[in-house]
Amino acid sequence: MKTIIEPFKIKSVEPIKFTTKEQRELILQEAGYNPFLIHAEDVLIDLLTDSGTSAMSSKQWAGMMEGDESYAGAKSFFRFEKTTRELTGFKFIIPTHQGRAAEKILFSILGGAGKYFPNNTHFDTTRANIEYSGAEAFDFLTELGKDTSAIADFKGDMDLVALEKFIKEKGPENIPLVMITVTNNAGGGQPVSMGNIRKTKEIASRYGIPFFLDACRFAENAFFIKKREKGYADKSVREIVKEMFSYADGCTMSAKKDALVNMGGFLAMNDSDLAMKARNILIVTEGFPTYGGLAGRDLEAIAQGLDEILDEHYLQYRIRSVEYLGEKLTDAGVPILQPPGGHAIYIDAKRFLPDIPPHEFPGQAIVCELYKVGGIRGVEIGSVMFGKTDKKSGKFIPPPLELVRLAIPRRVYTQSHIDYVVECVIEVFANRKKLKGYAFTYEAPMLRHFTARFKPITK
Ligand code: F0G
């Protein structure tokens, strides 16, 4: 087969700034060894997130000029609503400024003390919004999904037996919603099969519980279904997407991922009573129901992006470019979470740096070295982000995995950028014995990874 090429020509470019290793050492030191505190200008290849970092198409930019900025009933809203409704089949479409705003509205209506929300794996903002309401969030990933080295098709699947047991234990009246996240970001960008989505819906229905999708990366998930699930090879991605949504009673969506825009999101559902309550909150916190937290031009760009994301040449290139990075790293012996997911490669920091214990943050050591060596910015998803200290014993409790995520922005980098990333990761891996751990010099009480400062441990 011939090389899968980027399915676009480049019309507008943004130069990137080159720095020397010496400059980067200083920049890193000034940022307290926390890549979140580095100015983006000083980053050569930014793999911090795939969220809001997409390159928009010429048609999306043209749509920006078409944006109708009327307060109420803007033309752009109706285009956005029509596209979203056709794609998802949901009756009520409520625009929000990003995914977490949709979550905040949903869980402030359905959440509260004594309520429980199961998911394959909640993303951090979803969990935080549930907990903020006073409710509790639970993850039900299959055992296979938790195994970082197993190669399997649908490691994002929900554990159906555990889910049903949980519903019986807690009582369906205390579970306002069952959710599935496609693809499973927190679990490595792994896809969920159609069979699993359908069976989750069946279980939820049996107990009279609504079923929602966290749909951020719905198109990437659908492409995996086409490639991997029996019976879907001859279906179009659009048909697969429609089938996925047909099982759900609603969704939350961050348009910053699979709608190829820099800002936006929505909440959608079929229940008119829920929609009315959501719109009432929307008016207080986001804006009038025909713009939510967005400008008319943003709604145009989302509508266009939702169409472009279903282009199968695009999706083939997208999934292949992530897989390509994963393959090159695996060939060089770099331990990564297998198989490569839809939007990112996750380096397994425990196996990469077995001599640095979790409380000395092996993932942070890799992230810092990768910036030093190549000006590449990734993110630690391990003990810095999720580690806890037991209040009574003062003992450090690490999360199960120590990962470094290299998320690939959509339509932004070319194959040679990715080849460069491969070279830098391999260089860091070759010199891994020289790496040292890190210790906090400043730590905020909540979401500490965003603002923490560190020092290298010298011993
Ligand atoms: N759900 C999932 C699965 C996500 O990955 C994100 C964001 C959200 C919800 C929240 O959406 O950012 O628009 O408010 N993920 C980004 C990331 C931040 O880097 O993975 P948002």
# chains A, B, ... in the order shown; residues from 1 in each chain; ligands from 1
>>> residues_near_ligand(ligand="ligand 1", cutoff="9 Å", atoms="only C-alpha atoms and all ligand atoms", output="ChimeraX atom specification")
/A:48-52,97-103,121-126,181-186,189,214-217,252-257,263-265,407
>>> residues_around(residues="stretch 335-340 of chain A", least_positions_apart="3", cutoff="10 Å", atoms="only C-alpha atoms", output="PyMOL selection string")
chain A and resi 145-155+187-190+319-320+322-327+329-332+343-353+403-405+429
>>> write_last_selection(atoms="N, CA and C atoms", output="short mmCIF file (atom, residue, chain, number, x, y, z; two decimals), in the first residue's frame")
data_model
loop_
_atom_site.label_atom_id
_atom_site.label_comp_id
_atom_site.auth_asym_id
_atom_site.auth_seq_id
_atom_site.Cartn_x
_atom_site.Cartn_y
_atom_site.Cartn_z
N GLY A 145 -9.14 -3.71 29.44
CA GLY A 145 -8.86 -2.29 29.23
C GLY A 145 -7.83 -1.75 30.20
N LYS A 146 -7.72 -2.41 31.36
CA LYS A 146 -6.76 -1.93 32.37
C LYS A 146 -5.35 -2.45 32.12
N ASP A 147 -5.23 -3.45 31.24
CA ASP A 147 -3.92 -4.05 30.97
C ASP A 147 -3.21 -3.21 29.89
N THR A 148 -2.14 -2.51 30.29
CA THR A 148 -1.52 -1.54 29.37
C THR A 148 -0.80 -2.20 28.19
N SER A 149 -0.43 -3.49 28.32
CA SER A 149 0.35 -4.08 27.23
C SER A 149 -0.49 -5.00 26.33
N ALA A 150 -1.71 -5.34 26.75
CA ALA A 150 -2.54 -6.23 25.92
C ALA A 150 -2.93 -5.53 24.63
N ILE A 151 -2.84 -6.27 23.51
CA ILE A 151 -3.29 -5.71 22.23
C ILE A 151 -4.70 -6.26 21.97
N ALA A 152 -5.67 -5.37 21.91
CA ALA A 152 -7.05 -5.80 21.66
C ALA A 152 -7.78 -4.67 20.96
N ASP A 153 -8.92 -5.00 20.35
CA ASP A 153 -9.61 -4.05 19.48
C ASP A 153 -10.36 -2.95 20.24
N PHE A 154 -11.03 -3.33 21.33
CA PHE A 154 -11.92 -2.36 21.99
C PHE A 154 -11.66 -2.29 23.49
N LYS A 155 -10.51 -1.72 23.82
CA LYS A 155 -10.12 -1.65 25.23
C LYS A 155 -10.82 -0.52 26.00
N GLY A 187 -8.48 6.35 29.50
CA GLY A 187 -7.94 4.99 29.40
C GLY A 187 -7.09 4.80 28.15
N GLY A 188 -6.54 5.86 27.61
CA GLY A 188 -5.60 5.73 26.50
C GLY A 188 -6.19 5.99 25.12
N GLY A 189 -7.34 6.64 25.05
CA GLY A 189 -7.94 6.92 23.73
C GLY A 189 -8.41 5.65 23.04
N GLN A 190 -8.75 4.65 23.84
CA GLN A 190 -9.16 3.36 23.29
C GLN A 190 -10.65 3.40 22.90
N ILE A 319 -6.06 8.40 12.16
CA ILE A 319 -5.82 7.21 12.98
C ILE A 319 -4.44 6.62 12.63
N ARG A 320 -4.09 6.67 11.33
CA ARG A 320 -2.81 6.13 10.91
C ARG A 320 -1.65 6.96 11.47
N VAL A 322 -1.42 8.58 14.25
CA VAL A 322 -1.19 8.25 15.67
C VAL A 322 -0.55 6.86 15.78
N GLU A 323 -1.08 5.94 14.96
CA GLU A 323 -0.55 4.57 14.96
C GLU A 323 0.91 4.54 14.51
N TYR A 324 1.23 5.39 13.54
CA TYR A 324 2.60 5.49 13.00
C TYR A 324 3.58 5.87 14.11
N LEU A 325 3.21 6.87 14.90
CA LEU A 325 4.05 7.27 16.03
C LEU A 325 4.20 6.11 17.01
N GLY A 326 3.09 5.45 17.30
CA GLY A 326 3.12 4.31 18.23
C GLY A 326 4.00 3.18 17.73
N GLU A 327 3.88 2.90 16.42
CA GLU A 327 4.66 1.80 15.82
C GLU A 327 6.15 2.06 15.90
N LEU A 329 7.78 3.99 17.95
CA LEU A 329 8.27 3.93 19.33
C LEU A 329 8.36 2.48 19.80
N THR A 330 7.34 1.70 19.46
CA THR A 330 7.34 0.28 19.86
C THR A 330 8.53 -0.44 19.24
N ASP A 331 8.78 -0.17 17.95
CA ASP A 331 9.92 -0.81 17.26
C ASP A 331 11.24 -0.49 17.95
N ALA A 332 11.33 0.70 18.56
CA ALA A 332 12.57 1.11 19.22
C ALA A 332 12.61 0.62 20.68
N HIS A 343 -6.24 9.45 19.50
CA HIS A 343 -5.76 10.83 19.48
C HIS A 343 -4.41 11.04 20.15
N ALA A 344 -3.84 9.97 20.72
CA ALA A 344 -2.61 10.18 21.48
C ALA A 344 -1.86 8.87 21.69
N ILE A 345 -0.58 9.03 21.97
CA ILE A 345 0.26 7.90 22.40
C ILE A 345 0.57 8.14 23.88
N TYR A 346 0.45 7.08 24.64
CA TYR A 346 0.71 7.19 26.08
C TYR A 346 1.96 6.36 26.40
N ILE A 347 3.03 7.05 26.80
CA ILE A 347 4.25 6.33 27.18
C ILE A 347 4.04 5.76 28.59
N ASP A 348 4.43 4.51 28.77
CA ASP A 348 4.31 3.88 30.09
C ASP A 348 5.56 4.23 30.90
N ALA A 349 5.43 5.22 31.77
CA ALA A 349 6.60 5.77 32.48
C ALA A 349 7.15 4.78 33.50
N LYS A 350 6.31 3.89 34.02
CA LYS A 350 6.78 2.89 35.00
C LYS A 350 7.77 1.95 34.36
N ARG A 351 7.45 1.52 33.15
CA ARG A 351 8.36 0.59 32.45
C ARG A 351 9.52 1.33 31.81
N PHE A 352 9.33 2.59 31.48
CA PHE A 352 10.38 3.43 30.88
C PHE A 352 11.46 3.73 31.92
N LEU A 353 11.03 4.07 33.14
CA LEU A 353 11.96 4.44 34.22
C LEU A 353 11.67 3.61 35.48
N LEU A 403 1.74 7.59 33.31
CA LEU A 403 1.78 7.75 31.86
C LEU A 403 2.26 9.14 31.46
N VAL A 404 2.75 9.22 30.23
CA VAL A 404 3.03 10.52 29.61
C VAL A 404 2.22 10.53 28.32
N ARG A 405 1.32 11.50 28.19
CA ARG A 405 0.49 11.54 26.98
C ARG A 405 1.10 12.48 25.95
N PHE A 429 14.95 7.89 25.63
CA PHE A 429 14.92 6.49 26.07
C PHE A 429 16.34 5.92 26.18
#
>>> residues_around(residues="A:Glu6", least_positions_apart="2", cutoff="7 Å", atoms="only C-alpha atoms", output="VMD selection string")
chain A and resid 4 8 317
>>> select_by_dssp(residues="stretch 30-100 of chain A", states="strand (DSSP E)", output="number ranges by chain")
A: 45-46, 92-96
>>> select_by_dssp(residues="stretch 33-252 of chain A", states="helix (DSSP H, G or I)", output="PyMOL selection string")
chain A and resi 35-37+40-42+58-66+75-88+99-110+124-132+143-146+160-170+172-174+185-187+194-206+218-228+237-246
>>> atom_distance(atom1="atom CA of A:Arg411", atom2="atom CA of A:Gly293")
25.3 Å
>>> decode(residues="stretch 80-111 of chain A", atoms="N, CA and C atoms", output="PDB file, in the first residue's frame")
ATOM      1  N   PHE A  80     -26.088  25.223  12.795  1.00  0.00           N
ATOM      2  CA  PHE A  80     -25.447  24.367  13.814  1.00  0.00           C
ATOM      3  C   PHE A  80     -26.443  23.317  14.319  1.00  0.00           C
ATOM      4  N   GLU A  81     -27.663  23.767  14.609  1.00  0.00           N
ATOM      5  CA  GLU A  81     -28.676  22.861  15.167  1.00  0.00           C
ATOM      6  C   GLU A  81     -29.054  21.772  14.151  1.00  0.00           C
ATOM      7  N   LYS A  82     -29.203  22.180  12.898  1.00  0.00           N
ATOM      8  CA  LYS A  82     -29.608  21.229  11.850  1.00  0.00           C
ATOM      9  C   LYS A  82     -28.532  20.142  11.675  1.00  0.00           C
ATOM     10  N   THR A  83     -27.262  20.589  11.561  1.00  0.00           N
ATOM     11  CA  THR A  83     -26.169  19.628  11.360  1.00  0.00           C
ATOM     12  C   THR A  83     -26.073  18.672  12.537  1.00  0.00           C
ATOM     13  N   THR A  84     -26.119  19.230  13.741  1.00  0.00           N
ATOM     14  CA  THR A  84     -25.952  18.419  14.938  1.00  0.00           C
ATOM     15  C   THR A  84     -27.127  17.454  15.103  1.00  0.00           C
ATOM     16  N   ARG A  85     -28.318  17.959  14.797  1.00  0.00           N
ATOM     17  CA  ARG A  85     -29.508  17.110  14.949  1.00  0.00           C
ATOM     18  C   ARG A  85     -29.497  15.973  13.935  1.00  0.00           C
ATOM     19  N   GLU A  86     -29.108  16.297  12.701  1.00  0.00           N
ATOM     20  CA  GLU A  86     -29.058  15.249  11.668  1.00  0.00           C
ATOM     21  C   GLU A  86     -28.067  14.160  12.044  1.00  0.00           C
ATOM     22  N   LEU A  87     -26.942  14.581  12.600  1.00  0.00           N
ATOM     23  CA  LEU A  87     -25.875  13.637  12.936  1.00  0.00           C
ATOM     24  C   LEU A  87     -26.236  12.786  14.147  1.00  0.00           C
ATOM     25  N   THR A  88     -26.760  13.418  15.187  1.00  0.00           N
ATOM     26  CA  THR A  88     -26.968  12.704  16.455  1.00  0.00           C
ATOM     27  C   THR A  88     -28.389  12.162  16.589  1.00  0.00           C
ATOM     28  N   GLY A  89     -29.321  12.761  15.879  1.00  0.00           N
ATOM     29  CA  GLY A  89     -30.715  12.355  16.009  1.00  0.00           C
ATOM     30  C   GLY A  89     -31.398  12.916  17.258  1.00  0.00           C
ATOM     31  N   PHE A  90     -30.687  13.673  18.088  1.00  0.00           N
ATOM     32  CA  PHE A  90     -31.306  14.190  19.313  1.00  0.00           C
ATOM     33  C   PHE A  90     -32.224  15.377  19.009  1.00  0.00           C
ATOM     34  N   LYS A  91     -33.307  15.464  19.787  1.00  0.00           N
ATOM     35  CA  LYS A  91     -34.308  16.509  19.539  1.00  0.00           C
ATOM     36  C   LYS A  91     -33.825  17.882  19.987  1.00  0.00           C
ATOM     37  N   PHE A  92     -33.175  17.920  21.142  1.00  0.00           N
ATOM     38  CA  PHE A  92     -32.816  19.222  21.728  1.00  0.00           C
ATOM     39  C   PHE A  92     -31.302  19.413  21.729  1.00  0.00           C
ATOM     40  N   ILE A  93     -30.851  20.492  21.101  1.00  0.00           N
ATOM     41  CA  ILE A  93     -29.421  20.750  20.963  1.00  0.00           C
ATOM     42  C   ILE A  93     -29.116  22.080  21.651  1.00  0.00           C
ATOM     43  N   ILE A  94     -28.245  22.021  22.660  1.00  0.00           N
ATOM     44  CA  ILE A  94     -27.993  23.197  23.489  1.00  0.00           C
ATOM     45  C   ILE A  94     -26.514  23.577  23.406  1.00  0.00           C
ATOM     46  N   PRO A  95     -26.183  24.685  22.752  1.00  0.00           N
ATOM     47  CA  PRO A  95     -24.768  25.036  22.598  1.00  0.00           C
ATOM     48  C   PRO A  95     -24.142  25.537  23.910  1.00  0.00           C
ATOM     49  N   THR A  96     -22.905  25.132  24.164  1.00  0.00           N
ATOM     50  CA  THR A  96     -22.182  25.583  25.367  1.00  0.00           C
ATOM     51  C   THR A  96     -20.783  26.004  24.939  1.00  0.00           C
ATOM     52  N   HIS A  97     -20.072  26.687  25.822  1.00  0.00           N
ATOM     53  CA  HIS A  97     -18.757  27.189  25.373  1.00  0.00           C
ATOM     54  C   HIS A  97     -17.697  26.110  25.289  1.00  0.00           C
ATOM     55  N   GLN A  98     -17.850  25.014  26.038  1.00  0.00           N
ATOM     56  CA  GLN A  98     -17.004  23.836  25.832  1.00  0.00           C
ATOM     57  C   GLN A  98     -17.634  22.646  26.525  1.00  0.00           C
ATOM     58  N   GLY A  99     -16.960  21.488  26.482  1.00  0.00           N
ATOM     59  CA  GLY A  99     -17.559  20.261  26.999  1.00  0.00           C
ATOM     60  C   GLY A  99     -17.939  20.339  28.469  1.00  0.00           C
ATOM     61  N   ARG A 100     -17.049  20.893  29.268  1.00  0.00           N
ATOM     62  CA  ARG A 100     -17.299  20.880  30.713  1.00  0.00           C
ATOM     63  C   ARG A 100     -18.479  21.764  31.101  1.00  0.00           C
ATOM     64  N   ALA A 101     -18.812  22.736  30.272  1.00  0.00           N
ATOM     65  CA  ALA A 101     -19.984  23.578  30.548  1.00  0.00           C
ATOM     66  C   ALA A 101     -21.251  22.747  30.350  1.00  0.00           C
ATOM     67  N   ALA A 102     -21.231  21.864  29.354  1.00  0.00           N
ATOM     68  CA  ALA A 102     -22.359  20.945  29.140  1.00  0.00           C
ATOM     69  C   ALA A 102     -22.476  19.998  30.338  1.00  0.00           C
ATOM     70  N   GLU A 103     -21.320  19.522  30.817  1.00  0.00           N
ATOM     71  CA  GLU A 103     -21.308  18.614  31.982  1.00  0.00           C
ATOM     72  C   GLU A 103     -21.852  19.321  33.219  1.00  0.00           C
ATOM     73  N   LYS A 104     -21.419  20.547  33.403  1.00  0.00           N
ATOM     74  CA  LYS A 104     -21.833  21.315  34.596  1.00  0.00           C
ATOM     75  C   LYS A 104     -23.359  21.454  34.634  1.00  0.00           C
ATOM     76  N   ILE A 105     -23.945  21.772  33.479  1.00  0.00           N
ATOM     77  CA  ILE A 105     -25.401  21.938  33.411  1.00  0.00           C
ATOM     78  C   ILE A 105     -26.099  20.602  33.670  1.00  0.00           C
ATOM     79  N   LEU A 106     -25.626  19.558  32.990  1.00  0.00           N
ATOM     80  CA  LEU A 106     -26.253  18.240  33.121  1.00  0.00           C
ATOM     81  C   LEU A 106     -26.223  17.736  34.564  1.00  0.00           C
ATOM     82  N   PHE A 107     -25.046  17.818  35.184  1.00  0.00           N
ATOM     83  CA  PHE A 107     -24.923  17.233  36.522  1.00  0.00           C
ATOM     84  C   PHE A 107     -25.480  18.141  37.610  1.00  0.00           C
ATOM     85  N   SER A 108     -25.626  19.428  37.325  1.00  0.00           N
ATOM     86  CA  SER A 108     -26.277  20.238  38.358  1.00  0.00           C
ATOM     87  C   SER A 108     -27.777  19.955  38.365  1.00  0.00           C
ATOM     88  N   ILE A 109     -28.314  19.420  37.266  1.00  0.00           N
ATOM     89  CA  ILE A 109     -29.729  19.013  37.263  1.00  0.00           C
ATOM     90  C   ILE A 109     -29.884  17.598  37.846  1.00  0.00           C
ATOM     91  N   LEU A 110     -29.028  16.677  37.369  1.00  0.00           N
ATOM     92  CA  LEU A 110     -29.233  15.260  37.732  1.00  0.00           C
ATOM     93  C   LEU A 110     -28.448  14.801  38.958  1.00  0.00           C
ATOM     94  N   GLY A 111     -27.427  15.575  39.335  1.00  0.00           N
ATOM     95  CA  GLY A 111     -26.532  15.135  40.416  1.00  0.00           C
ATOM     96  C   GLY A 111     -27.083  15.409  41.804  1.00  0.00           C
TER      97      GLY A 111
END
